[in-house]
Amino acid sequence: MKRKLILAGAVSLALAMSACGGSGGAASGGAKAGGTLNLAVSQSLKSWDLAEASMGNAEQYYEPVFDALLHMDAKGAPTANLATSWDYDASLTTLTLKLRTDVKFSDGTPLDAEAVKANLLHTKAGKGEAAALIKAISDVQVTNPSTVVVKLSTPTPSLLRSLANVPGMIASPKSLTSPQVPVGSGPYTLDAATTTAGTEYGFVANPNYWEKNSYPFEKVDIKTMSDPTARTNALLSGQLDGAGISPDRVDAAKAGGLKVDTVTPGVVEGLYIWDKKGAIVPALADVRVRQALNYAFDSASIVKIAKKGLGTPTTQHFTSDSEAFVPELDQTYKYDPAKAKALLAEAGYANGFDVVMPDISSLFPEMQAAMVEQLGNVGVRVKLDKIPFDQFMPSILAGKYAMSYFKTGGADPWIAIQLIVSKQATWNPFHYEDQHVTDLLSRISTSTGSAQVALYKELNTYLVQQAWDAPWDVVKDVYASSKNVQVTMHPFYQTPPLFNFKPASQ
Amino acid sequence: MIASVEVPAESHNGSDGPLLSIENVTVQYPSKKWRSPDFLALKGVSLDIRAGETVGLVGESGSGKTTLGRAVLGLAPVTTGLIRYDGQVISAMNRNQRRSLSDEIQVVFQDPYTSLNPALTVLDILTEPLLTAGTRRAEAEQRVKDLLEQVHLPRDASNRLPREFSGGQRQRIAIARALCRDPRLIVCDEPVSALDLSNQSRVLDLFIEIQERTGVSYLFVTHDLSVVRYISHRVAVMYKGEIIETGDAAKVTTQPKEAYTQKLLLAAPVPDPARQASRRAARQKFSAKLHVAGPFENPAS
Amino acid sequence: MAVFLIRRLLAGILLVILVASATYILLNYTGSDVARNIVGETATPEQALAKAAELGLDRPLGARYFDWLGTTLSGDLGKSWFNNVPVSTTLFNGLPVTLSIIFGALILSALVSVILGSLAAVRAGWFDKTVQASAVLADSIPGFLVALVLAMVVAVNLGWLPATGFVPFQRSAVEWLRSITLPSVALAFGATAATTLQLRGSMLDVLKLDYVRTLRSRGLSDRRIVFKHVLRNAAPPAVTVLSLQFIGLVGGAVIVEKVFGLRGIGSIATSAAVQGDAPVVLGVVIVMVLIVVVVNLIADLAYGWLNPKVRAE
Amino acid sequence: MTIPPIDGTVTATAASGETAKRRHIVVRLLQDPVAICCIFVLLLLTAASVLAPFLTDQDPIKSSLAETLAPMSQQHPLGADGVGRDVVARLLYGGQTSLAAACVAVLVAFAVGVPAGLFGGYYRGRADAILAWASNFIMAVPAIIILLVVMAAVSQSTYVAMAVLGLIVSPSVYRLVRASVVSVREELFVDAAKVSGLSDARIMRRHILPVVQAPSIIQAAQIFGVSIGIQAGIAFLGLGSPTEASWGAMLNDAFANIYSAPLLLLWPALIICMTTASLALLANSLRDSLSGSRRRPTRHSDRVRDGAPSSEGSAAGDFAEVADDVLLAVDNLKVDYPVDGGRRTVVDGVSLTVRRGQVLGLVGESGSGKSQTAFSLLGLLPPEARVSAGRLLFDGAEMKGLGRSAMNRLRGKRIAYVPQEPMSNLDPSFTIGSQLAEPVRQHMKVSAKEAKALLLGLLERVGINDPARVYSSYPHQISGGMAQRVLIAGAISCDPDLLIADEPTTALDVTVQAEILDLIRSLQAERNMGVILVTHDFGVVADICDRVAVMHTGKIVETASVKELFSAPQDAYTRMLLSSTLEDATPRSPLKSMPKLPKRAQTA
């Protein structure tokens, strides 16, 4: 009896406490200058080892601790950061970087050319997404403590932008071998006391950081929150200052007093035609069939209804941030099911054709529904193949499906090309090669400036004419932030970079 | 119709031997507790029952009387010793062999509430053994009507459930079930101890009536000396797994030899204040004398 | 006693091995090309192959299984394939979350069900009917609905308690309590209903027993009889139910953790299972089975403690 | 017999002439409005999903971008979902998948659990041990995590998931079936069936399966409900395929649109709640009608009501209130119980008197109302009993109308009770000492130490050799005779004036009975207690009573001193009872010549 009384007492005490703490929901979220910036990221942190690092919204985990060699301006042009100047040779395969000399890692080691060399070689040998972006680095040479020379196996137009992101981040050479705790030269250091691996990462300001003005918060706290509802609730209840939310939460977020911005990460979604060789579905080898598929989709409706307006209808793989973007191309395939049918008939598929696609309704129900419906309208009969989630990407890459819904890409045109277009591109599972494309690619890689831009546009135009894929829209992500902070979106970053967060009061 | 059934037929066993013969039977149960000794329910018990005879088996709870009945029925495992029925060893039979004995040996249990399946009608309960034996349903139903009459139950009883009957009536149903295969031996395990006084004697009379008509033998297990005296030809007294005294009913239940039987006898109260007073006095004197030997109280509940 | 404990623990360990092995086979059954998912969408095929080799996924299942069994038996649960955090660390971080809310829910439901169950058993009439009906209804409402409503109303709209997140006890006891209150309540909802009904039933059974009447014949007050004698005798089956509830609550925790954005065992298991993060899934399975074994053992001991007859044997 | 009837079965045992209805479980269920509602809802849901093609012309699978989240309209009575599918059609067709998948879980669970339970429970032994181990094995498996793995790695089909769930929950079926089989197996009617020559298979089918049936239905309803719930949970976790039409898939879609169209969540949630609630309520009703506790009476007041004083003609009972030594005087006591359509009187106008130091025997057969009379004096009747009396004087004071706490001051202290069955009347969870000390401390206001000293003395007094050991023992550690001594010690511990003993020796062996009667007699004399001894045994009456009241069908037919009763019984019923006693019957003579009555011809 006595024990029970004690328990009852404890419970009522607990209830009393929760009642007292009434308004305390936002207490921890006061993001003033010198306060704590609370962010949430949907992806989990893959590793502190930059060689294993993911990109996308996982970038935010690395930004507090690691400083990148370069930054980008609002147009995506590289600007100085750890590197004060950069220079390509004529063949575009040797990049010389001059480094700041006043930077030290938080473990006291100076950040010098050797450290940069060690990092770049370490990262590029890795298996992460960041590593994939700089895999063309063949060697790094140290000229003097403040100068490194980066050798490329092949010209890589996207390299400078990559160096402004995770691939260009520099960790203390000592930590490269045991990356359990990140040691960098960035504006913050990881605070073990407020960190729970896999769940929450607390950072405190690095007193020796060389450019403190860009980072006004004393502390940064980044939580891993994969559930969109939980993120929205945390934002609404003031536990977070910023996080990505899902499109259908926009109205709720606005109603709850949050600021809502959109980010364009350079990802294009739509029907990706993998089997352009016609190995599984012979019809797809015919460019008229592929064009018909482009005409089949009412991108405007898909964006408006299925995407709740969060996207920009398109027919090309390159986004408006990209040098390869050609606005007029978006008019190429206006929604016209009649024309689609005509083209199919012309190609000998008056009765359409059958195709098997992976069932992705658990991931993208609206997209799949729209796709199946609109393909059906022009006579393409889709059979859905139920596969476990984790088989989605592997089975596409294994060449199991002739076409499917997909979304990928990069704001930088070269990155997009390396993902989708080139023969060896990851998302070219059938290794389809078009000689004209191959030629254009080699010319692009060895050109610069406006010549390069012109070639990009030429390639883009050709790809659209060839109906390489049938894109619907450029994906827009939603980023919500509390009134306590002022945050600006930044092209070429999939989430706003840390230096774009400021206290609202300033 | 009944008569035609009960016309004595030729003897099929010419020998003069007892119908049932229990020879030095031991029943041992493994202990549930780890490493404690096994429990000996019966310690070398021997007993004969002749055809047409009632042998009363009397004893207090835990004496092993019920176990002996169950051993005869094949419901308790015989560890050592033999049980012969009609010359045939039945104590080592398996379940299937045993089934062939179902028209020879039957049972009436103590509790008429749990010995009848509450979900079955009286007709179902009574036809079941017949149908199992291959009797056709129509015949079986006719037989049930006869049986109900034999045990003095109304014929319309067959469509009702056991719970609609009083204890005495249920016990009649149980007796009818025991009778339906014309057994030669019925093991009666305390068949009247759950009944009211007035029913007790009526049911006992029914047992006697049936025996006199059919010549069936009873192994009659009970704790009540007055019951045993009323129904048995012979009586065996059990105490702690052994038979300590046997003899004619009149002798054992009025002038027992063994001290324990005497004590049993003296402990049973007589429905007469004066005689009970003297019996009580006798008992107190007797137990004072016996006290050295320790009380006969049972350790198990 | 010691023999009993050791035997139970050995059986438990065997159980862990068997369940984990079954899960291992199940996980590897489809031969999922998990390396691809690990390196991410923009990585190259070469990187994926390298990853597969690093994880040993290119080796035959049998060899991999025995390797895994060996390292697991040596106590090494490995590292997550997806975030490289040692599985033991992940579990170590996740367990306090899950156990906090589960025990919170258990205590809550035990308290409420003892009170409601006893009163319902003793008081026939509208109170009993109301308790029964609301328990049945409460049990029928899907757990996520309760959790969602609590999160939306109490946390987001009223702001009384945090909507998401877990504060470790050692960081702040008050904040810890605040952070687990809503999830525990959500989790306790169904469990309380079931336990209440169970307790009511077994108390009704006990109330019919002879000794209750005898206790009444001695002039003891009804309250004393109900809360001392009847409850005590109705407790052993309730303890069994409670231990089964515990296992059920683990399932409920998966959903509640999702709603409240808690990184407990449940959400770890969900994300790992969906991704195909075998070491984490296996780690979770091993730990869960171990916990279940321990909980059952505790329930058995409690059962013995509550039931003198069992204790004697 | 002496246990007061709790439910409507009071009538059942009584009359054989009365054609009682066979109330099958289904029939009983159909008398419960809640059960009827639940069955109706479930049938409706099933019918709606089976007849879906006739109820809607919409396709549950076909999506339409244009109708995404369409509002309620003629075409879409409940609107359209996140990909433009008709909500009504999905609810209807979804029922097919969800209900069928839940059936799969139930079927798998039973297909595995029932044979295992039957086999293990009936044959026991090694196979049973292995099955028990396997069941423990499965029960320790974290179900939800295995489901997650299966859904994520093997198949997203709801049916597969539910089959796995069925397997995971099958131990609960196994345990239930096994427990039922074990308990039935010990029943005498199974032994009787064995002796009747029934094969194991037939015993299983005829006697064991029917017993398993009813709890199995409950279990099935529960598993069905759990399956529906788990389907919803899986959907919530985002596993499973939203293309198929199922309630879980609808939830999946609804979660994705929870902010833009929260109403979408309502329909599947509602239908799931309805289904699971119906199943749970149905299971509850089933359980109640099985245990017969459905019509649980509300407790009226404990108080004995006012009744009319006995009329002049009631000759048999005696009621005297005037004399000084009258301890208890009861006039016109009536006890009745509610039965179908009325009340049944079990004690009908009983009047009796107990004087100090007098032992009154209350004799009768089962159903005569003797125990009911005893319990009504103690206020221990079940709540639905209604008790009234003309007068009810204890030690000169009116007991009628006393509330519960006033009764509690009398009970145990001044009026004590000795029950029939010693073992079941001790609380098995507490030591003998602690349960004996409780009332002593309460009534005598003494310390624990004093109470213990007092009780140790009493235990010794009632003939227990080792009081200290018994004091600290649990009830299961002592014998029945010892337990009865303990209960007597408990009854006299507060020095009561009146002892009501309800067949105190019936459950005991005859030798123990004699000792207990001796004990009661000596205690009674020593303390000058009044005693009411309820019994059916005239031997006991002759042994211990001063006066006797004979009861028959709720009435006292005769009251007399012991001497008069045995020598000159007045009432016909008394005479019939006395003549039924076997004690004086002549012993049966030994079997004369061996009547060679051999085996008769079989009827067949």
# chains A, B, ... in the order shown; residues from 1 in each chain; ligands from 1
>>> interface_residues(of="chain A", to="chain C", cutoff="6 Å", atoms="only C-alpha atoms", output="number ranges by chain")
A: 18, 22, 25, 45-47, 127-129, 132, 230, 234, 237, 390, 394, 426
>>> write_last_selection(atoms="N, CA, C and O atoms", output="compact mmCIF listing (two decimals), in the first residue's frame")
# COMPACT_ATOMS: atom_id res chain seq x y z
N SER A 18 4.46 18.85 -15.54
CA SER A 18 4.19 19.12 -16.94
C SER A 18 3.25 20.31 -17.07
O SER A 18 3.32 21.06 -18.03
N GLY A 22 4.28 24.56 -18.58
CA GLY A 22 3.36 24.94 -19.64
C GLY A 22 3.95 25.55 -20.88
O GLY A 22 3.99 24.93 -21.93
N GLY A 25 7.58 24.86 -23.95
CA GLY A 25 7.84 24.19 -25.22
C GLY A 25 8.90 24.87 -26.04
O GLY A 25 9.75 24.22 -26.63
N LEU A 45 22.99 10.94 -40.19
CA LEU A 45 24.41 11.19 -40.49
C LEU A 45 25.05 9.85 -40.81
O LEU A 45 25.03 8.92 -40.01
N LYS A 46 25.61 9.77 -42.00
CA LYS A 46 26.16 8.48 -42.41
C LYS A 46 27.48 8.20 -41.70
O LYS A 46 27.72 7.11 -41.22
N SER A 47 28.33 9.19 -41.69
CA SER A 47 29.64 9.01 -41.05
C SER A 47 30.29 10.36 -40.91
O SER A 47 30.04 11.27 -41.71
N LYS A 127 33.60 6.02 -50.52
CA LYS A 127 32.43 5.41 -51.16
C LYS A 127 31.18 6.25 -50.97
O LYS A 127 30.07 5.78 -51.23
N GLY A 128 31.35 7.47 -50.54
CA GLY A 128 30.17 8.28 -50.31
C GLY A 128 29.78 9.08 -51.55
O GLY A 128 30.46 9.06 -52.58
N GLU A 129 28.66 9.77 -51.41
CA GLU A 129 28.20 10.61 -52.52
C GLU A 129 29.16 11.76 -52.76
O GLU A 129 29.38 12.17 -53.90
N ALA A 132 31.99 10.70 -54.86
CA ALA A 132 31.67 10.51 -56.28
C ALA A 132 31.89 11.79 -57.08
O ALA A 132 32.24 11.74 -58.25
N ALA A 230 6.65 14.53 -37.31
CA ALA A 230 7.39 14.92 -36.12
C ALA A 230 8.14 16.23 -36.37
O ALA A 230 8.17 17.11 -35.51
N ALA A 234 7.49 19.59 -34.33
CA ALA A 234 8.58 20.20 -33.59
C ALA A 234 8.73 21.66 -34.00
O ALA A 234 8.96 22.54 -33.16
N SER A 237 5.74 23.62 -32.55
CA SER A 237 5.76 23.81 -31.10
C SER A 237 7.01 24.55 -30.66
O SER A 237 7.26 24.68 -29.47
N ASP A 390 13.79 -1.30 -50.34
CA ASP A 390 15.23 -1.18 -50.51
C ASP A 390 15.67 -1.81 -51.83
O ASP A 390 16.83 -1.78 -52.17
N PRO A 394 18.37 -0.55 -56.34
CA PRO A 394 19.20 -1.64 -56.88
C PRO A 394 18.57 -2.32 -58.09
O PRO A 394 19.29 -2.65 -59.04
N THR A 426 25.76 6.88 -63.47
CA THR A 426 25.12 5.93 -62.55
C THR A 426 23.72 5.59 -63.00
O THR A 426 23.34 4.42 -63.03
>>> atom_distance(atom1="atom CA of D:Ile415", atom2="atom CA of D:Ile500")
7.3 Å
>>> closest_residue(among="C:Pro237, C:Gly252, C:Gly219, C:Gly266", to="chain D", atoms="only C-alpha atoms")
C:Gly219
>>> residues_around(residues="stretch 296-298 of chain C", least_positions_apart="6", cutoff="9 Å", atoms="only C-alpha atoms", output="PyMOL selection string")
(chain C and resi 5+8-9+240+243-244) or (chain D and resi 140)
>>> write_last_selection(atoms="N, CA, C and O atoms", output="PDB file, in the first residue's frame")
ATOM      1  N   LEU C   5      17.306 -20.160 -12.327  1.00  0.00           N
ATOM      2  CA  LEU C   5      17.714 -18.937 -13.015  1.00  0.00           C
ATOM      3  C   LEU C   5      18.690 -19.236 -14.145  1.00  0.00           C
ATOM      4  O   LEU C   5      18.554 -18.733 -15.260  1.00  0.00           O
ATOM      5  N   ARG C   8      17.001 -20.924 -17.050  1.00  0.00           N
ATOM      6  CA  ARG C   8      16.198 -19.986 -17.816  1.00  0.00           C
ATOM      7  C   ARG C   8      17.071 -19.076 -18.664  1.00  0.00           C
ATOM      8  O   ARG C   8      16.758 -18.767 -19.807  1.00  0.00           O
ATOM      9  N   LEU C   9      18.188 -18.650 -18.092  1.00  0.00           N
ATOM     10  CA  LEU C   9      19.057 -17.743 -18.834  1.00  0.00           C
ATOM     11  C   LEU C   9      19.687 -18.460 -20.022  1.00  0.00           C
ATOM     12  O   LEU C   9      19.791 -17.899 -21.110  1.00  0.00           O
ATOM     13  N   THR C 240       1.119 -11.725 -15.345  1.00  0.00           N
ATOM     14  CA  THR C 240       1.353 -12.383 -16.628  1.00  0.00           C
ATOM     15  C   THR C 240       0.879 -11.488 -17.767  1.00  0.00           C
ATOM     16  O   THR C 240       1.588 -11.299 -18.759  1.00  0.00           O
ATOM     17  N   SER C 243       3.264  -8.728 -18.323  1.00  0.00           N
ATOM     18  CA  SER C 243       4.493  -9.090 -19.023  1.00  0.00           C
ATOM     19  C   SER C 243       4.212  -9.279 -20.508  1.00  0.00           C
ATOM     20  O   SER C 243       5.043  -8.952 -21.352  1.00  0.00           O
ATOM     21  N   LEU C 244       3.009  -9.773 -20.819  1.00  0.00           N
ATOM     22  CA  LEU C 244       2.644  -9.859 -22.241  1.00  0.00           C
ATOM     23  C   LEU C 244       2.436  -8.459 -22.807  1.00  0.00           C
ATOM     24  O   LEU C 244       2.824  -8.163 -23.930  1.00  0.00           O
TER      25      LEU C 244
ATOM     26  N   ALA D 140       8.582 -14.969 -27.545  1.00  0.00           N
ATOM     27  CA  ALA D 140       9.644 -14.039 -27.194  1.00  0.00           C
ATOM     28  C   ALA D 140      10.078 -13.217 -28.397  1.00  0.00           C
ATOM     29  O   ALA D 140      10.844 -12.280 -28.278  1.00  0.00           O
TER      30      ALA D 140
END
>>> interface_residues(of="chain C", to="chain D", cutoff="7 Å", atoms="only C-alpha atoms", output="PyMOL selection string")
chain C and resi 15+19+27+30+124-125+136-137+140-142+210-211+213-214+217-221+233+247+251+255+269-270+273-274+288-289+292-293+306-309
>>> interface_residues(of="chain D", to="chain A", cutoff="6 Å", atoms="only C-alpha atoms", output="short mmCIF file (atom, residue, chain, number, x, y, z; two decimals) with N, CA and C atoms, in the first residue's frame")
data_model
loop_
_atom_site.label_atom_id
_atom_site.label_comp_id
_atom_site.auth_asym_id
_atom_site.auth_seq_id
_atom_site.Cartn_x
_atom_site.Cartn_y
_atom_site.Cartn_z
N SER D 63 -6.91 5.49 -60.39
CA SER D 63 -6.74 6.84 -59.86
C SER D 63 -7.01 7.85 -60.96
N LEU D 65 -5.97 11.89 -61.70
CA LEU D 65 -5.28 13.10 -61.26
C LEU D 65 -6.27 14.24 -61.08
N VAL D 83 -4.95 10.40 -54.56
CA VAL D 83 -4.65 10.20 -55.97
C VAL D 83 -5.94 10.04 -56.77
N ALA D 152 9.49 -5.25 -45.13
CA ALA D 152 10.51 -4.47 -45.83
C ALA D 152 11.33 -5.34 -46.76
N ALA D 153 11.59 -6.56 -46.35
CA ALA D 153 12.57 -7.34 -47.10
C ALA D 153 11.95 -8.42 -47.97
N SER D 241 1.59 -1.65 -49.47
CA SER D 241 1.41 -0.97 -50.75
C SER D 241 0.09 -0.25 -50.79
N PRO D 242 0.12 1.07 -51.02
CA PRO D 242 -1.14 1.82 -51.05
C PRO D 242 -1.93 1.59 -52.33
N TYR D 259 -2.69 16.82 -43.59
CA TYR D 259 -2.88 18.26 -43.40
C TYR D 259 -3.81 18.86 -44.43
N SER D 260 -3.77 18.34 -45.66
CA SER D 260 -4.61 18.94 -46.68
C SER D 260 -6.02 18.37 -46.65
#
>>> select_by_dssp(residues="stretch 170-237 of chain B", states="helix (DSSP H, G or I)", output="VMD selection string")
chain B and resid 170 to 179 197 to 214 225 to 231
>>> write_last_selection(atoms="N, CA, C and O atoms", output="compact mmCIF listing (two decimals), in the first residue's frame")
# COMPACT_ATOMS: atom_id res chain seq x y z
N ARG B 170 -28.93 -37.36 -11.82
CA ARG B 170 -27.73 -37.44 -12.64
C ARG B 170 -26.99 -38.75 -12.37
O ARG B 170 -26.46 -39.37 -13.28
N GLN B 171 -26.99 -39.12 -11.12
CA GLN B 171 -26.27 -40.35 -10.82
C GLN B 171 -26.99 -41.54 -11.47
O GLN B 171 -26.36 -42.48 -11.91
N ARG B 172 -28.29 -41.43 -11.62
CA ARG B 172 -29.01 -42.49 -12.33
C ARG B 172 -28.60 -42.51 -13.80
O ARG B 172 -28.49 -43.57 -14.42
N ILE B 173 -28.40 -41.32 -14.36
CA ILE B 173 -27.95 -41.27 -15.75
C ILE B 173 -26.58 -41.94 -15.87
O ILE B 173 -26.32 -42.72 -16.79
N ALA B 174 -25.72 -41.63 -14.91
CA ALA B 174 -24.39 -42.22 -14.93
C ALA B 174 -24.47 -43.74 -14.82
O ALA B 174 -23.72 -44.47 -15.47
N ILE B 175 -25.42 -44.20 -14.00
CA ILE B 175 -25.58 -45.65 -13.86
C ILE B 175 -26.09 -46.24 -15.17
O ILE B 175 -25.61 -47.28 -15.63
N ALA B 176 -27.03 -45.53 -15.79
CA ALA B 176 -27.54 -46.01 -17.07
C ALA B 176 -26.42 -46.11 -18.08
O ALA B 176 -26.32 -47.07 -18.86
N ARG B 177 -25.52 -45.12 -18.08
CA ARG B 177 -24.40 -45.16 -19.00
C ARG B 177 -23.53 -46.39 -18.73
O ARG B 177 -23.06 -47.07 -19.63
N ALA B 178 -23.32 -46.65 -17.42
CA ALA B 178 -22.48 -47.80 -17.09
C ALA B 178 -23.13 -49.09 -17.55
O ALA B 178 -22.46 -50.04 -17.93
N LEU B 179 -24.46 -49.09 -17.53
CA LEU B 179 -25.17 -50.33 -17.84
C LEU B 179 -25.33 -50.59 -19.33
O LEU B 179 -25.58 -51.71 -19.74
N LEU B 197 -29.33 -37.37 1.61
CA LEU B 197 -29.63 -38.56 2.39
C LEU B 197 -30.74 -39.40 1.75
O LEU B 197 -30.59 -40.61 1.57
N SER B 198 -31.84 -38.74 1.40
CA SER B 198 -32.97 -39.50 0.89
C SER B 198 -32.64 -40.14 -0.45
O SER B 198 -33.11 -41.22 -0.78
N ASN B 199 -31.83 -39.44 -1.25
CA ASN B 199 -31.44 -40.00 -2.54
C ASN B 199 -30.46 -41.14 -2.38
O ASN B 199 -30.46 -42.09 -3.16
N GLN B 200 -29.58 -41.01 -1.38
CA GLN B 200 -28.54 -42.01 -1.17
C GLN B 200 -29.13 -43.41 -1.11
O GLN B 200 -28.73 -44.31 -1.84
N SER B 201 -30.11 -43.56 -0.25
CA SER B 201 -30.63 -44.92 -0.07
C SER B 201 -31.36 -45.39 -1.32
O SER B 201 -31.30 -46.55 -1.69
N ARG B 202 -32.02 -44.46 -2.01
CA ARG B 202 -32.73 -44.87 -3.22
C ARG B 202 -31.75 -45.32 -4.30
O ARG B 202 -31.96 -46.31 -4.98
N VAL B 203 -30.66 -44.60 -4.43
CA VAL B 203 -29.68 -44.98 -5.45
C VAL B 203 -29.02 -46.30 -5.07
O VAL B 203 -28.80 -47.17 -5.91
N LEU B 204 -28.76 -46.47 -3.79
CA LEU B 204 -28.16 -47.73 -3.36
C LEU B 204 -29.11 -48.88 -3.65
O LEU B 204 -28.69 -49.95 -4.11
N ASP B 205 -30.39 -48.62 -3.41
CA ASP B 205 -31.37 -49.67 -3.72
C ASP B 205 -31.38 -50.00 -5.20
O ASP B 205 -31.51 -51.16 -5.60
N LEU B 206 -31.20 -48.96 -6.00
CA LEU B 206 -31.14 -49.19 -7.45
C LEU B 206 -29.95 -50.09 -7.80
O LEU B 206 -30.05 -51.01 -8.61
N PHE B 207 -28.81 -49.79 -7.18
CA PHE B 207 -27.63 -50.62 -7.43
C PHE B 207 -27.92 -52.09 -7.10
O PHE B 207 -27.60 -53.00 -7.86
N ILE B 208 -28.54 -52.29 -5.95
CA ILE B 208 -28.80 -53.66 -5.52
C ILE B 208 -29.79 -54.33 -6.45
O ILE B 208 -29.60 -55.47 -6.89
N GLU B 209 -30.80 -53.56 -6.83
CA GLU B 209 -31.83 -54.09 -7.72
C GLU B 209 -31.20 -54.55 -9.04
O GLU B 209 -31.47 -55.63 -9.55
N ILE B 210 -30.32 -53.70 -9.57
CA ILE B 210 -29.68 -54.04 -10.85
C ILE B 210 -28.81 -55.28 -10.69
O ILE B 210 -28.80 -56.18 -11.53
N GLN B 211 -28.11 -55.34 -9.57
CA GLN B 211 -27.24 -56.49 -9.37
C GLN B 211 -28.04 -57.78 -9.28
O GLN B 211 -27.68 -58.79 -9.87
N GLU B 212 -29.14 -57.68 -8.59
CA GLU B 212 -29.93 -58.89 -8.43
C GLU B 212 -30.54 -59.32 -9.76
O GLU B 212 -30.73 -60.51 -10.01
N ARG B 213 -30.80 -58.34 -10.61
CA ARG B 213 -31.38 -58.68 -11.89
C ARG B 213 -30.33 -59.17 -12.88
O ARG B 213 -30.54 -60.09 -13.63
N THR B 214 -29.18 -58.52 -12.89
CA THR B 214 -28.22 -58.80 -13.96
C THR B 214 -27.02 -59.60 -13.50
O THR B 214 -26.26 -60.10 -14.33
N LEU B 225 -18.85 -46.03 6.12
CA LEU B 225 -19.04 -47.41 6.58
C LEU B 225 -20.49 -47.84 6.49
O LEU B 225 -20.79 -48.99 6.18
N SER B 226 -21.41 -46.92 6.73
CA SER B 226 -22.82 -47.32 6.71
C SER B 226 -23.25 -47.66 5.30
O SER B 226 -24.05 -48.57 5.08
N VAL B 227 -22.71 -46.94 4.32
CA VAL B 227 -23.03 -47.25 2.93
C VAL B 227 -22.48 -48.61 2.58
O VAL B 227 -23.14 -49.45 1.96
N VAL B 228 -21.25 -48.83 2.98
CA VAL B 228 -20.57 -50.07 2.63
C VAL B 228 -21.28 -51.27 3.27
O VAL B 228 -21.47 -52.32 2.68
N ARG B 229 -21.75 -51.02 4.44
CA ARG B 229 -22.45 -52.08 5.15
C ARG B 229 -23.75 -52.42 4.41
O ARG B 229 -24.13 -53.58 4.31
N TYR B 230 -24.37 -51.40 3.86
CA TYR B 230 -25.67 -51.57 3.23
C TYR B 230 -25.56 -52.31 1.91
O TYR B 230 -26.42 -53.11 1.56
N ILE B 231 -24.49 -52.08 1.18
CA ILE B 231 -24.46 -52.58 -0.18
C ILE B 231 -23.51 -53.74 -0.42
O ILE B 231 -23.67 -54.51 -1.35
>>> atom_distance(atom1="atom CA of C:Val281", atom2="atom CA of C:Thr23")
8.4 Å
>>> closest_residue(among="A:Pro503, A:Pro413, A:Pro64, A:Gly34", to="A:Asp191", atoms="only C-alpha atoms")
A:Pro64
>>> atom_distance(atom1="atom CA of A:Asp139", atom2="atom CA of A:Thr94")
9.5 Å
>>> select_by_dssp(residues="stretch 396-461 of chain A", states="strand (DSSP E)", output="MDAnalysis selection string")
chainID A and resid 403:408
>>> closest_residue(among="D:Lys555, D:Lys194, D:Arg461, D:Arg588", to="B:Val235", atoms="only C-alpha atoms")
D:Arg588
>>> residues_around(residues="D:Asp571", least_positions_apart="2", cutoff="12 Å", atoms="only C-alpha atoms", output="list in words")
Ala315, Ala316, Ala549, Val550, Met551, His552, Ile556, Val557, Glu558, Thr559, Ala560, Glu564, Leu565, Phe566, Ala568, Pro569, Tyr573, Thr574, Arg575, Met576, Leu577 and Leu578 of chain D
>>> closest_residue(among="B:Ala267, B:Ala71, B:Val89, B:Leu185", to="chain D", atoms="only C-alpha atoms")
B:Ala267
